[in-house]
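K.L.:
Structure file run-v1.cif (mmCIF, N, CA and C atoms) right here:
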```cif
data_coords
#
loop_
_atom_site.label_atom_id
_atom_site.label_comp_id
_atom_site.auth_asym_id
_atom_site.auth_seq_id
_atom_site.Cartn_x
_atom_site.Cartn_y
_atom_site.Cartn_z
N MET A 15 97.78 12.80 26.24
CA MET A 15 99.07 13.31 26.65
C MET A 15 99.47 12.59 27.93
N THR A 16 100.73 12.25 28.04
CA THR A 16 101.20 11.55 29.23
C THR A 16 101.48 12.54 30.35
N ALA A 17 101.45 12.04 31.57
CA ALA A 17 101.72 12.89 32.73
C ALA A 17 103.18 13.31 32.72
N PRO A 18 103.47 14.53 33.19
CA PRO A 18 104.86 14.98 33.21
C PRO A 18 105.65 14.18 34.24
N PRO A 19 106.92 14.02 34.02
CA PRO A 19 107.72 13.30 34.99
C PRO A 19 107.72 14.01 36.33
N LEU A 20 107.96 13.26 37.40
CA LEU A 20 107.94 13.82 38.74
C LEU A 20 109.00 14.90 38.93
N HIS A 21 110.09 14.80 38.20
CA HIS A 21 111.18 15.77 38.36
C HIS A 21 110.92 17.07 37.61
N GLY A 22 109.87 17.16 36.86
CA GLY A 22 109.59 18.35 36.05
C GLY A 22 109.79 18.01 34.58
N ARG A 23 109.72 19.01 33.76
CA ARG A 23 109.85 18.80 32.32
C ARG A 23 111.18 19.35 31.84
N THR A 24 111.77 18.63 30.91
CA THR A 24 112.96 19.14 30.24
C THR A 24 112.51 20.18 29.22
N VAL A 25 113.47 20.87 28.63
CA VAL A 25 113.15 21.85 27.58
C VAL A 25 112.38 21.16 26.46
N ALA A 26 112.85 20.00 26.04
CA ALA A 26 112.20 19.29 24.93
C ALA A 26 110.78 18.88 25.30
N GLU A 27 110.57 18.41 26.53
CA GLU A 27 109.24 18.00 26.96
C GLU A 27 108.30 19.19 27.05
N LEU A 28 108.81 20.30 27.56
CA LEU A 28 107.98 21.52 27.63
C LEU A 28 107.63 21.99 26.23
N ALA A 29 108.62 22.02 25.35
CA ALA A 29 108.39 22.46 23.97
C ALA A 29 107.34 21.58 23.30
N ALA A 30 107.45 20.27 23.48
CA ALA A 30 106.50 19.35 22.86
C ALA A 30 105.10 19.53 23.43
N ALA A 31 104.99 19.81 24.72
CA ALA A 31 103.68 19.98 25.36
C ALA A 31 102.94 21.20 24.82
N VAL A 32 103.68 22.20 24.38
CA VAL A 32 103.07 23.43 23.90
C VAL A 32 103.08 23.53 22.38
N GLY A 33 103.90 22.71 21.73
CA GLY A 33 103.97 22.74 20.26
C GLY A 33 104.91 23.79 19.72
N VAL A 34 106.02 24.02 20.42
CA VAL A 34 107.04 24.95 19.94
C VAL A 34 108.38 24.21 19.90
N ARG A 35 109.38 24.85 19.37
CA ARG A 35 110.72 24.27 19.34
C ARG A 35 111.44 24.57 20.65
N SER A 36 112.39 23.75 20.98
CA SER A 36 113.18 23.96 22.19
C SER A 36 113.87 25.32 22.18
N ASP A 37 114.34 25.73 21.00
CA ASP A 37 114.99 27.04 20.88
C ASP A 37 114.05 28.17 21.27
N THR A 38 112.77 28.00 20.96
CA THR A 38 111.77 29.01 21.31
C THR A 38 111.65 29.13 22.82
N VAL A 39 111.62 27.99 23.51
CA VAL A 39 111.55 28.00 24.98
C VAL A 39 112.75 28.75 25.55
N ARG A 40 113.93 28.45 25.04
CA ARG A 40 115.14 29.10 25.54
C ARG A 40 115.12 30.60 25.24
N TYR A 41 114.62 30.97 24.06
CA TYR A 41 114.52 32.38 23.70
C TYR A 41 113.59 33.11 24.67
N TYR A 42 112.42 32.54 24.95
CA TYR A 42 111.50 33.17 25.88
C TYR A 42 112.11 33.31 27.27
N GLU A 43 112.91 32.34 27.65
CA GLU A 43 113.59 32.42 28.94
C GLU A 43 114.61 33.56 28.92
N ARG A 44 115.42 33.63 27.87
CA ARG A 44 116.43 34.69 27.76
C ARG A 44 115.78 36.07 27.73
N SER A 45 114.63 36.18 27.09
CA SER A 45 113.98 37.49 26.95
C SER A 45 113.14 37.86 28.17
N GLY A 46 113.08 36.97 29.16
CA GLY A 46 112.38 37.28 30.40
C GLY A 46 110.89 36.96 30.40
N LEU A 47 110.39 36.38 29.32
CA LEU A 47 108.98 36.02 29.28
C LEU A 47 108.71 34.75 30.10
N LEU A 48 109.68 33.89 30.12
CA LEU A 48 109.57 32.63 30.85
C LEU A 48 110.59 32.67 31.98
N LYS A 49 110.12 32.43 33.18
CA LYS A 49 111.02 32.49 34.34
C LYS A 49 112.06 31.38 34.27
N PRO A 50 113.28 31.67 34.72
CA PRO A 50 114.29 30.62 34.73
C PRO A 50 113.82 29.45 35.60
N PRO A 51 113.95 28.23 35.10
CA PRO A 51 113.46 27.07 35.85
C PRO A 51 114.49 26.60 36.88
N ARG A 52 114.04 25.66 37.69
CA ARG A 52 114.98 24.96 38.57
C ARG A 52 115.98 24.23 37.69
N ARG A 53 117.08 23.88 38.25
CA ARG A 53 118.08 23.07 37.54
C ARG A 53 118.24 21.75 38.29
N THR A 54 118.42 20.70 37.53
CA THR A 54 118.68 19.40 38.14
C THR A 54 120.12 19.38 38.65
N SER A 55 120.48 18.36 39.37
CA SER A 55 121.85 18.24 39.88
C SER A 55 122.85 18.17 38.72
N ALA A 56 122.39 17.72 37.57
CA ALA A 56 123.25 17.66 36.38
C ALA A 56 123.23 18.97 35.60
N GLY A 57 122.46 19.96 36.07
CA GLY A 57 122.42 21.26 35.42
C GLY A 57 121.37 21.43 34.35
N TYR A 58 120.52 20.43 34.16
CA TYR A 58 119.46 20.54 33.15
C TYR A 58 118.30 21.38 33.68
N ARG A 59 117.63 22.08 32.77
CA ARG A 59 116.44 22.84 33.15
C ARG A 59 115.33 21.86 33.52
N SER A 60 114.53 22.25 34.54
CA SER A 60 113.41 21.41 34.97
C SER A 60 112.21 22.33 35.19
N TYR A 61 111.29 22.32 34.22
CA TYR A 61 110.14 23.22 34.23
C TYR A 61 108.94 22.58 34.93
N ASP A 62 108.19 23.39 35.66
CA ASP A 62 106.97 22.90 36.31
C ASP A 62 105.78 23.15 35.39
N ASP A 63 104.58 22.74 35.84
CA ASP A 63 103.37 22.90 35.02
C ASP A 63 103.03 24.36 34.76
N GLY A 64 103.47 25.26 35.63
CA GLY A 64 103.23 26.68 35.41
C GLY A 64 103.88 27.18 34.14
N ALA A 65 104.99 26.56 33.75
CA ALA A 65 105.66 26.96 32.51
C ALA A 65 104.81 26.61 31.30
N VAL A 66 104.08 25.50 31.36
CA VAL A 66 103.20 25.12 30.26
C VAL A 66 102.11 26.19 30.10
N ASP A 67 101.48 26.56 31.20
CA ASP A 67 100.44 27.59 31.17
C ASP A 67 100.98 28.90 30.64
N ARG A 68 102.15 29.28 31.10
CA ARG A 68 102.76 30.55 30.70
C ARG A 68 103.08 30.54 29.21
N LEU A 69 103.63 29.44 28.72
CA LEU A 69 103.94 29.36 27.28
C LEU A 69 102.67 29.39 26.44
N ARG A 70 101.63 28.74 26.89
CA ARG A 70 100.35 28.79 26.15
C ARG A 70 99.80 30.21 26.11
N PHE A 71 99.93 30.93 27.22
CA PHE A 71 99.50 32.33 27.27
C PHE A 71 100.31 33.15 26.25
N ILE A 72 101.62 32.97 26.25
CA ILE A 72 102.49 33.71 25.33
C ILE A 72 102.12 33.42 23.88
N ARG A 73 101.96 32.16 23.54
CA ARG A 73 101.64 31.77 22.17
C ARG A 73 100.26 32.31 21.76
N GLY A 74 99.29 32.25 22.66
CA GLY A 74 97.97 32.78 22.35
C GLY A 74 98.01 34.28 22.10
N ALA A 75 98.77 34.99 22.92
CA ALA A 75 98.90 36.44 22.74
C ALA A 75 99.61 36.76 21.42
N GLN A 76 100.59 35.95 21.07
CA GLN A 76 101.28 36.17 19.80
C GLN A 76 100.35 35.93 18.61
N ARG A 77 99.49 34.92 18.71
CA ARG A 77 98.54 34.65 17.61
C ARG A 77 97.62 35.85 17.39
N LEU A 78 97.36 36.61 18.45
CA LEU A 78 96.54 37.81 18.32
C LEU A 78 97.34 39.00 17.79
N GLY A 79 98.63 38.81 17.62
CA GLY A 79 99.47 39.87 17.07
C GLY A 79 100.07 40.79 18.11
N LEU A 80 99.99 40.42 19.38
CA LEU A 80 100.60 41.27 20.40
C LEU A 80 102.12 41.14 20.33
N ARG A 81 102.79 42.24 20.58
CA ARG A 81 104.25 42.26 20.56
C ARG A 81 104.79 41.66 21.86
N LEU A 82 106.02 41.18 21.80
CA LEU A 82 106.62 40.56 22.98
C LEU A 82 106.67 41.53 24.16
N ALA A 83 106.92 42.81 23.91
CA ALA A 83 106.94 43.80 25.00
C ALA A 83 105.56 43.89 25.65
N ASP A 84 104.50 43.84 24.84
CA ASP A 84 103.14 43.89 25.38
C ASP A 84 102.85 42.63 26.19
N ILE A 85 103.29 41.50 25.68
CA ILE A 85 103.07 40.23 26.38
C ILE A 85 103.82 40.24 27.70
N ARG A 86 105.03 40.77 27.69
CA ARG A 86 105.82 40.86 28.93
C ARG A 86 105.07 41.71 29.97
N THR A 87 104.50 42.82 29.54
CA THR A 87 103.73 43.68 30.45
C THR A 87 102.55 42.91 31.05
N LEU A 88 101.81 42.19 30.21
CA LEU A 88 100.67 41.42 30.70
C LEU A 88 101.11 40.34 31.68
N LEU A 89 102.23 39.70 31.38
CA LEU A 89 102.73 38.66 32.28
C LEU A 89 103.18 39.25 33.62
N GLU A 90 103.79 40.42 33.58
CA GLU A 90 104.21 41.07 34.83
C GLU A 90 103.00 41.39 35.69
N ILE A 91 101.94 41.88 35.06
CA ILE A 91 100.70 42.17 35.80
C ILE A 91 100.13 40.87 36.35
N ARG A 92 100.08 39.87 35.51
CA ARG A 92 99.54 38.57 35.91
C ARG A 92 100.33 37.97 37.08
N ASP A 93 101.65 38.17 37.05
CA ASP A 93 102.50 37.63 38.11
C ASP A 93 102.24 38.27 39.47
N THR A 94 101.67 39.47 39.49
CA THR A 94 101.36 40.12 40.77
C THR A 94 100.07 39.57 41.37
N GLY A 95 99.35 38.77 40.59
CA GLY A 95 98.08 38.24 41.05
C GLY A 95 96.91 39.14 40.67
N THR A 96 97.22 40.23 40.00
CA THR A 96 96.20 41.16 39.54
C THR A 96 95.68 40.69 38.18
N CYS A 97 94.40 40.87 37.96
CA CYS A 97 93.81 40.50 36.67
C CYS A 97 94.34 41.43 35.58
N PRO A 98 94.88 40.89 34.50
CA PRO A 98 95.40 41.73 33.43
C PRO A 98 94.34 42.12 32.39
N CYS A 99 93.06 41.96 32.74
CA CYS A 99 92.00 42.18 31.74
C CYS A 99 91.96 43.60 31.20
N GLU A 100 92.06 44.60 32.06
CA GLU A 100 91.97 45.98 31.58
C GLU A 100 93.12 46.33 30.63
N PRO A 101 94.38 46.08 31.04
CA PRO A 101 95.46 46.37 30.09
C PRO A 101 95.39 45.49 28.84
N ALA A 102 94.93 44.25 28.99
CA ALA A 102 94.79 43.38 27.83
C ALA A 102 93.75 43.95 26.88
N GLY A 103 92.66 44.46 27.43
CA GLY A 103 91.63 45.07 26.61
C GLY A 103 92.17 46.26 25.83
N ASP A 104 92.97 47.09 26.50
CA ASP A 104 93.57 48.24 25.82
C ASP A 104 94.48 47.79 24.68
N LEU A 105 95.31 46.78 24.96
CA LEU A 105 96.22 46.27 23.93
C LEU A 105 95.45 45.65 22.76
N LEU A 106 94.42 44.89 23.08
CA LEU A 106 93.64 44.25 22.02
C LEU A 106 92.88 45.28 21.18
N ARG A 107 92.36 46.32 21.81
CA ARG A 107 91.68 47.38 21.03
C ARG A 107 92.68 48.10 20.11
N ARG A 108 93.88 48.36 20.61
CA ARG A 108 94.90 48.96 19.77
C ARG A 108 95.24 48.04 18.60
N ARG A 109 95.41 46.75 18.89
CA ARG A 109 95.75 45.78 17.85
C ARG A 109 94.61 45.66 16.84
N LEU A 110 93.38 45.71 17.32
CA LEU A 110 92.22 45.66 16.43
C LEU A 110 92.23 46.85 15.48
N GLY A 111 92.60 48.02 15.97
CA GLY A 111 92.73 49.19 15.10
C GLY A 111 93.79 48.98 14.03
N GLU A 112 94.90 48.35 14.42
CA GLU A 112 95.96 48.05 13.45
C GLU A 112 95.48 47.06 12.41
N VAL A 113 94.74 46.05 12.84
CA VAL A 113 94.20 45.05 11.91
C VAL A 113 93.20 45.71 10.95
N ASP A 114 92.33 46.57 11.48
CA ASP A 114 91.37 47.27 10.63
C ASP A 114 92.08 48.13 9.59
N ALA A 115 93.16 48.82 10.00
CA ALA A 115 93.92 49.64 9.06
C ALA A 115 94.56 48.78 7.98
N GLU A 116 95.08 47.61 8.37
CA GLU A 116 95.70 46.70 7.41
C GLU A 116 94.65 46.14 6.44
N ILE A 117 93.47 45.84 6.96
CA ILE A 117 92.39 45.36 6.09
C ILE A 117 92.03 46.45 5.08
N GLY A 118 91.96 47.69 5.52
CA GLY A 118 91.67 48.80 4.61
C GLY A 118 92.73 48.93 3.53
N ARG A 119 94.00 48.81 3.95
CA ARG A 119 95.10 48.88 2.99
C ARG A 119 95.02 47.74 1.98
N LEU A 120 94.71 46.54 2.47
CA LEU A 120 94.61 45.38 1.57
C LEU A 120 93.42 45.48 0.63
N LEU A 121 92.31 46.02 1.11
CA LEU A 121 91.15 46.21 0.23
C LEU A 121 91.46 47.20 -0.89
N ALA A 122 92.18 48.28 -0.55
CA ALA A 122 92.56 49.25 -1.57
C ALA A 122 93.52 48.61 -2.57
N LEU A 123 94.46 47.81 -2.08
CA LEU A 123 95.39 47.11 -2.96
C LEU A 123 94.64 46.14 -3.87
N ARG A 124 93.67 45.43 -3.31
CA ARG A 124 92.88 44.50 -4.10
C ARG A 124 92.13 45.22 -5.21
N ALA A 125 91.52 46.35 -4.88
CA ALA A 125 90.78 47.12 -5.88
C ALA A 125 91.70 47.60 -7.00
N GLU A 126 92.89 48.04 -6.63
CA GLU A 126 93.85 48.50 -7.63
C GLU A 126 94.29 47.34 -8.53
N MET A 127 94.55 46.20 -7.93
CA MET A 127 94.96 45.02 -8.71
C MET A 127 93.84 44.57 -9.64
N ALA A 128 92.61 44.56 -9.13
CA ALA A 128 91.47 44.14 -9.96
C ALA A 128 91.29 45.09 -11.14
N ALA A 129 91.45 46.39 -10.90
CA ALA A 129 91.32 47.37 -11.98
C ALA A 129 92.42 47.17 -13.02
N MET A 130 93.62 46.90 -12.56
CA MET A 130 94.72 46.66 -13.50
C MET A 130 94.46 45.40 -14.32
N ALA A 131 94.01 44.34 -13.66
CA ALA A 131 93.74 43.09 -14.37
C ALA A 131 92.62 43.28 -15.38
N GLU A 132 91.61 44.04 -15.02
CA GLU A 132 90.47 44.29 -15.91
C GLU A 132 90.90 45.12 -17.12
N ALA A 133 91.87 46.01 -16.94
CA ALA A 133 92.30 46.90 -18.02
C ALA A 133 93.23 46.21 -19.01
N LEU A 134 93.75 45.03 -18.65
CA LEU A 134 94.65 44.34 -19.57
C LEU A 134 93.85 43.85 -20.79
N PRO A 135 94.42 44.01 -21.99
CA PRO A 135 93.72 43.52 -23.18
C PRO A 135 93.59 42.00 -23.12
N ALA A 136 92.49 41.50 -23.65
CA ALA A 136 92.22 40.08 -23.56
C ALA A 136 92.78 39.30 -24.76
N ALA A 137 92.78 39.89 -25.93
CA ALA A 137 93.20 39.15 -27.13
C ALA A 137 94.15 40.01 -27.96
N ASN A 138 94.97 39.35 -28.75
CA ASN A 138 95.89 40.03 -29.66
C ASN A 138 96.69 41.12 -28.95
N CYS A 139 97.24 40.78 -27.85
CA CYS A 139 98.00 41.75 -27.05
C CYS A 139 99.37 41.96 -27.67
N PRO A 140 99.64 43.17 -28.19
CA PRO A 140 100.97 43.43 -28.73
C PRO A 140 101.97 43.59 -27.58
N PRO A 141 103.26 43.48 -27.86
CA PRO A 141 104.25 43.64 -26.81
C PRO A 141 104.16 45.03 -26.19
N PRO A 142 104.31 45.12 -24.89
CA PRO A 142 104.22 46.43 -24.24
C PRO A 142 105.46 47.26 -24.50
N SER A 143 105.32 48.55 -24.34
CA SER A 143 106.46 49.45 -24.43
C SER A 143 107.29 49.28 -23.17
N PRO A 144 108.60 49.51 -23.26
CA PRO A 144 109.44 49.37 -22.06
C PRO A 144 108.91 50.21 -20.90
N GLY A 145 108.88 49.62 -19.73
CA GLY A 145 108.44 50.35 -18.53
C GLY A 145 106.94 50.39 -18.34
N THR A 146 106.18 49.70 -19.20
CA THR A 146 104.72 49.70 -19.06
C THR A 146 104.22 48.27 -19.03
N TRP A 147 102.99 48.12 -18.63
CA TRP A 147 102.34 46.79 -18.61
C TRP A 147 101.63 46.52 -19.91
N CYS A 148 101.10 47.57 -20.51
CA CYS A 148 100.23 47.40 -21.67
C CYS A 148 100.73 48.26 -22.82
N PRO A 149 100.29 47.92 -24.01
CA PRO A 149 100.66 48.76 -25.16
C PRO A 149 99.98 50.11 -25.05
N PRO A 150 100.45 51.06 -25.86
CA PRO A 150 99.81 52.40 -25.82
C PRO A 150 98.32 52.31 -26.10
N ALA A 151 97.56 53.09 -25.34
CA ALA A 151 96.11 53.14 -25.55
C ALA A 151 95.82 53.93 -26.82
N GLU A 152 94.57 53.92 -27.21
CA GLU A 152 94.16 54.59 -28.45
C GLU A 152 94.61 56.04 -28.50
N GLY A 153 94.56 56.76 -27.39
CA GLY A 153 94.90 58.18 -27.37
C GLY A 153 96.38 58.41 -27.19
N GLY A 154 97.22 57.38 -27.23
CA GLY A 154 98.64 57.53 -27.09
C GLY A 154 99.13 57.40 -25.66
N GLU A 155 98.22 57.30 -24.69
CA GLU A 155 98.64 57.14 -23.30
C GLU A 155 99.09 55.72 -23.06
N ARG A 156 100.00 55.57 -22.14
CA ARG A 156 100.47 54.25 -21.76
C ARG A 156 100.05 53.95 -20.34
N THR A 157 99.71 52.70 -20.08
CA THR A 157 99.29 52.31 -18.74
C THR A 157 100.31 51.42 -18.08
#
```
Would you mind giving the structure from this file in C-alpha cells?
P.N.:
Amino acid sequence: MTAPPLHGRTVAELAAAVGVRSDTVRYYERSGLLKPPRRTSAGYRSYDDGAVDRLRFIRGAQRLGLRLADIRTLLEIRDTGTCPCEPAGDLLRRRLGEVDAEIGRLLALRAEMAAMAEALPAANCPPPSPGTWCPPAEGGERT
C-alpha cells in the first residue's frame, strides 16, 4: 500500500484503503460514526489516518453483527480514551445469544426440510393434489 498523501486522504482514497465504497464513507459521516474531516481550500474532505482506524473498527464490528447504534456507543466510549472492552463484551455476549438462537432456528428448519425430503416418494410419483406436496398417503391423509 502506498503512503497517504501529505494533505490527507480523499473520500475515494479512504474508501479504497478500507475496502468500502465512497458512499459508505459519506454515510458513516452523516450518521455520526465517522467524524467530519478537515476540508481543503477547494472544499474537499481530507481524512487523516485516524479515519482509517475508525473505519476498520466499524467494519469489524459490523462483521460481528453489531448494530450501528451499538457501534456508535462503543466509538463514543473509545473517543473518551476509556477502554470499551466491558461494554463490547456485553454487546458481544448479547449478539452471541442471538446467533445461538438463529442456529437453533436453522437446525430445526433443516430437520423439517430433511424430513420432508425423506417423505417424498422416490419412484412413480403421481401428481399431487392441489395444495399438497405429495399424493394422498395410503390412509387417505395428504402431506
K.L.:
If you run DSSP on the backbone here, which positions in chain A get helix (DSSP H, G or I)? Please write them as a PyMOL selection string.
P.N.:
chain A and resi 25-32+36-44+63-77+82-93+99-133
K.L.:
Calculated over all atoms listed in the file, which of the candidates A:Leu123, A:Ala102, A:Val39, A:Val34 has the smallest distance to A:Leu88?
P.N.:
A:Ala102
K.L.:
List the residues matched by the PyMOL selection byres ((chain A and resi 59) around 8) in the displayed structure as JSON, numbers by chain, ordered by chain and then by residue number.
P.N.:
{"A": [21, 22, 23, 24, 25, 50, 51, 52, 53, 54, 56, 57, 58, 60, 61, 62]}
K.L.:
Mind pulling up the distance from atom C of A:Ser45 to atom N of A:Thr87?
P.N.:
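The value is 10.1 Å.
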K.L.:
Between A:Gly64, A:Gly46, A:Pro141, A:Pro101, which residue has the minimum interatomic distance to A:Asp84, considering only C-alpha atoms?
P.N.:
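Residue with the minimum atom-to-atom distance to A:Asp84: A:Pro101.
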K.L.:
Any idea what the distance is between atom C of A:Cys99 and atom C of A:Gly118?
P.N.:
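Interatomic distance here is 28.2 Å.
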K.L.:
What's the 10 Å shell around stretch 109-113 of chain A, counting only C-alpha atoms, without same-chain residues fewer than 5 positions away, as a PyMOL selection string?
P.N.:
chain A and resi 78-81+103-104+118-119
K.L.:
How far is it from atom C of A:Leu28 to atom N of A:Cys97, in Å with one decimal?
P.N.:
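These two atoms are separated by 25.9 Å.
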K.L.:
So which bits of chain A end up strand (DSSP E) when you DSSP the backbone, as a list of chain:residue names?
P.N.:
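Answer for chain A, restricted to strand (DSSP E): A:Arg52, A:Arg53, A:Arg59, A:Ser60.
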K.L.:
I need the residue set behind the PyMOL selection byres (((chain A and resi 89 and name CA) around 10) and name CA) for this file; please write it as number ranges by chain.
P.N.:
A: 46-48, 68, 71-72, 83-88, 90-95, 98
K.L.:
Run through the PyMOL selection byres (((chain A and resi 29 and name CA) around 12) and name CA) on the given coordinates and return the selected residues as a tab-separated table (two decimals) with N, CA and C atoms, in the frame of the given file.
P.N.:
```
chain	number	residue	atom	x	y	z
A	23	ARG	N	109.72	19.01	33.76
A	23	ARG	CA	109.85	18.80	32.32
A	23	ARG	C	111.18	19.35	31.84
A	24	THR	N	111.77	18.63	30.91
A	24	THR	CA	112.96	19.14	30.24
A	24	THR	C	112.51	20.18	29.22
A	25	VAL	N	113.47	20.87	28.63
A	25	VAL	CA	113.15	21.85	27.58
A	25	VAL	C	112.38	21.16	26.46
A	26	ALA	N	112.85	20.00	26.04
A	26	ALA	CA	112.20	19.29	24.93
A	26	ALA	C	110.78	18.88	25.30
A	27	GLU	N	110.57	18.41	26.53
A	27	GLU	CA	109.24	18.00	26.96
A	27	GLU	C	108.30	19.19	27.05
A	28	LEU	N	108.81	20.30	27.56
A	28	LEU	CA	107.98	21.52	27.63
A	28	LEU	C	107.63	21.99	26.23
A	30	ALA	N	107.45	20.27	23.48
A	30	ALA	CA	106.50	19.35	22.86
A	30	ALA	C	105.10	19.53	23.43
A	31	ALA	N	104.99	19.81	24.72
A	31	ALA	CA	103.68	19.98	25.36
A	31	ALA	C	102.94	21.20	24.82
A	32	VAL	N	103.68	22.20	24.38
A	32	VAL	CA	103.07	23.43	23.90
A	32	VAL	C	103.08	23.53	22.38
A	33	GLY	N	103.90	22.71	21.73
A	33	GLY	CA	103.97	22.74	20.26
A	33	GLY	C	104.91	23.79	19.72
A	34	VAL	N	106.02	24.02	20.42
A	34	VAL	CA	107.04	24.95	19.94
A	34	VAL	C	108.38	24.21	19.90
A	35	ARG	N	109.38	24.85	19.37
A	35	ARG	CA	110.72	24.27	19.34
A	35	ARG	C	111.44	24.57	20.65
A	36	SER	N	112.39	23.75	20.98
A	36	SER	CA	113.18	23.96	22.19
A	36	SER	C	113.87	25.32	22.18
A	37	ASP	N	114.34	25.73	21.00
A	37	ASP	CA	114.99	27.04	20.88
A	37	ASP	C	114.05	28.17	21.27
A	38	THR	N	112.77	28.00	20.96
A	38	THR	CA	111.77	29.01	21.31
A	38	THR	C	111.65	29.13	22.82
A	39	VAL	N	111.62	27.99	23.51
A	39	VAL	CA	111.55	28.00	24.98
A	39	VAL	C	112.75	28.75	25.55
A	40	ARG	N	113.93	28.45	25.04
A	40	ARG	CA	115.14	29.10	25.54
A	40	ARG	C	115.12	30.60	25.24
A	41	TYR	N	114.62	30.97	24.06
A	41	TYR	CA	114.52	32.38	23.70
A	41	TYR	C	113.59	33.11	24.67
A	42	TYR	N	112.42	32.54	24.95
A	42	TYR	CA	111.50	33.17	25.88
A	42	TYR	C	112.11	33.31	27.27
A	61	TYR	N	111.29	22.32	34.22
A	61	TYR	CA	110.14	23.22	34.23
A	61	TYR	C	108.94	22.58	34.93
A	65	ALA	N	104.99	26.56	33.75
A	65	ALA	CA	105.66	26.96	32.51
A	65	ALA	C	104.81	26.61	31.30
A	66	VAL	N	104.08	25.50	31.36
A	66	VAL	CA	103.20	25.12	30.26
A	66	VAL	C	102.11	26.19	30.10
A	67	ASP	N	101.48	26.56	31.20
A	67	ASP	CA	100.44	27.59	31.17
A	67	ASP	C	100.98	28.90	30.64
A	68	ARG	N	102.15	29.28	31.10
A	68	ARG	CA	102.76	30.55	30.70
A	68	ARG	C	103.08	30.54	29.21
A	69	LEU	N	103.63	29.44	28.72
A	69	LEU	CA	103.94	29.36	27.28
A	69	LEU	C	102.67	29.39	26.44
A	70	ARG	N	101.63	28.74	26.89
A	70	ARG	CA	100.35	28.79	26.15
A	70	ARG	C	99.80	30.21	26.11
A	73	ARG	N	101.96	32.16	23.54
A	73	ARG	CA	101.64	31.77	22.17
A	73	ARG	C	100.26	32.31	21.76
```
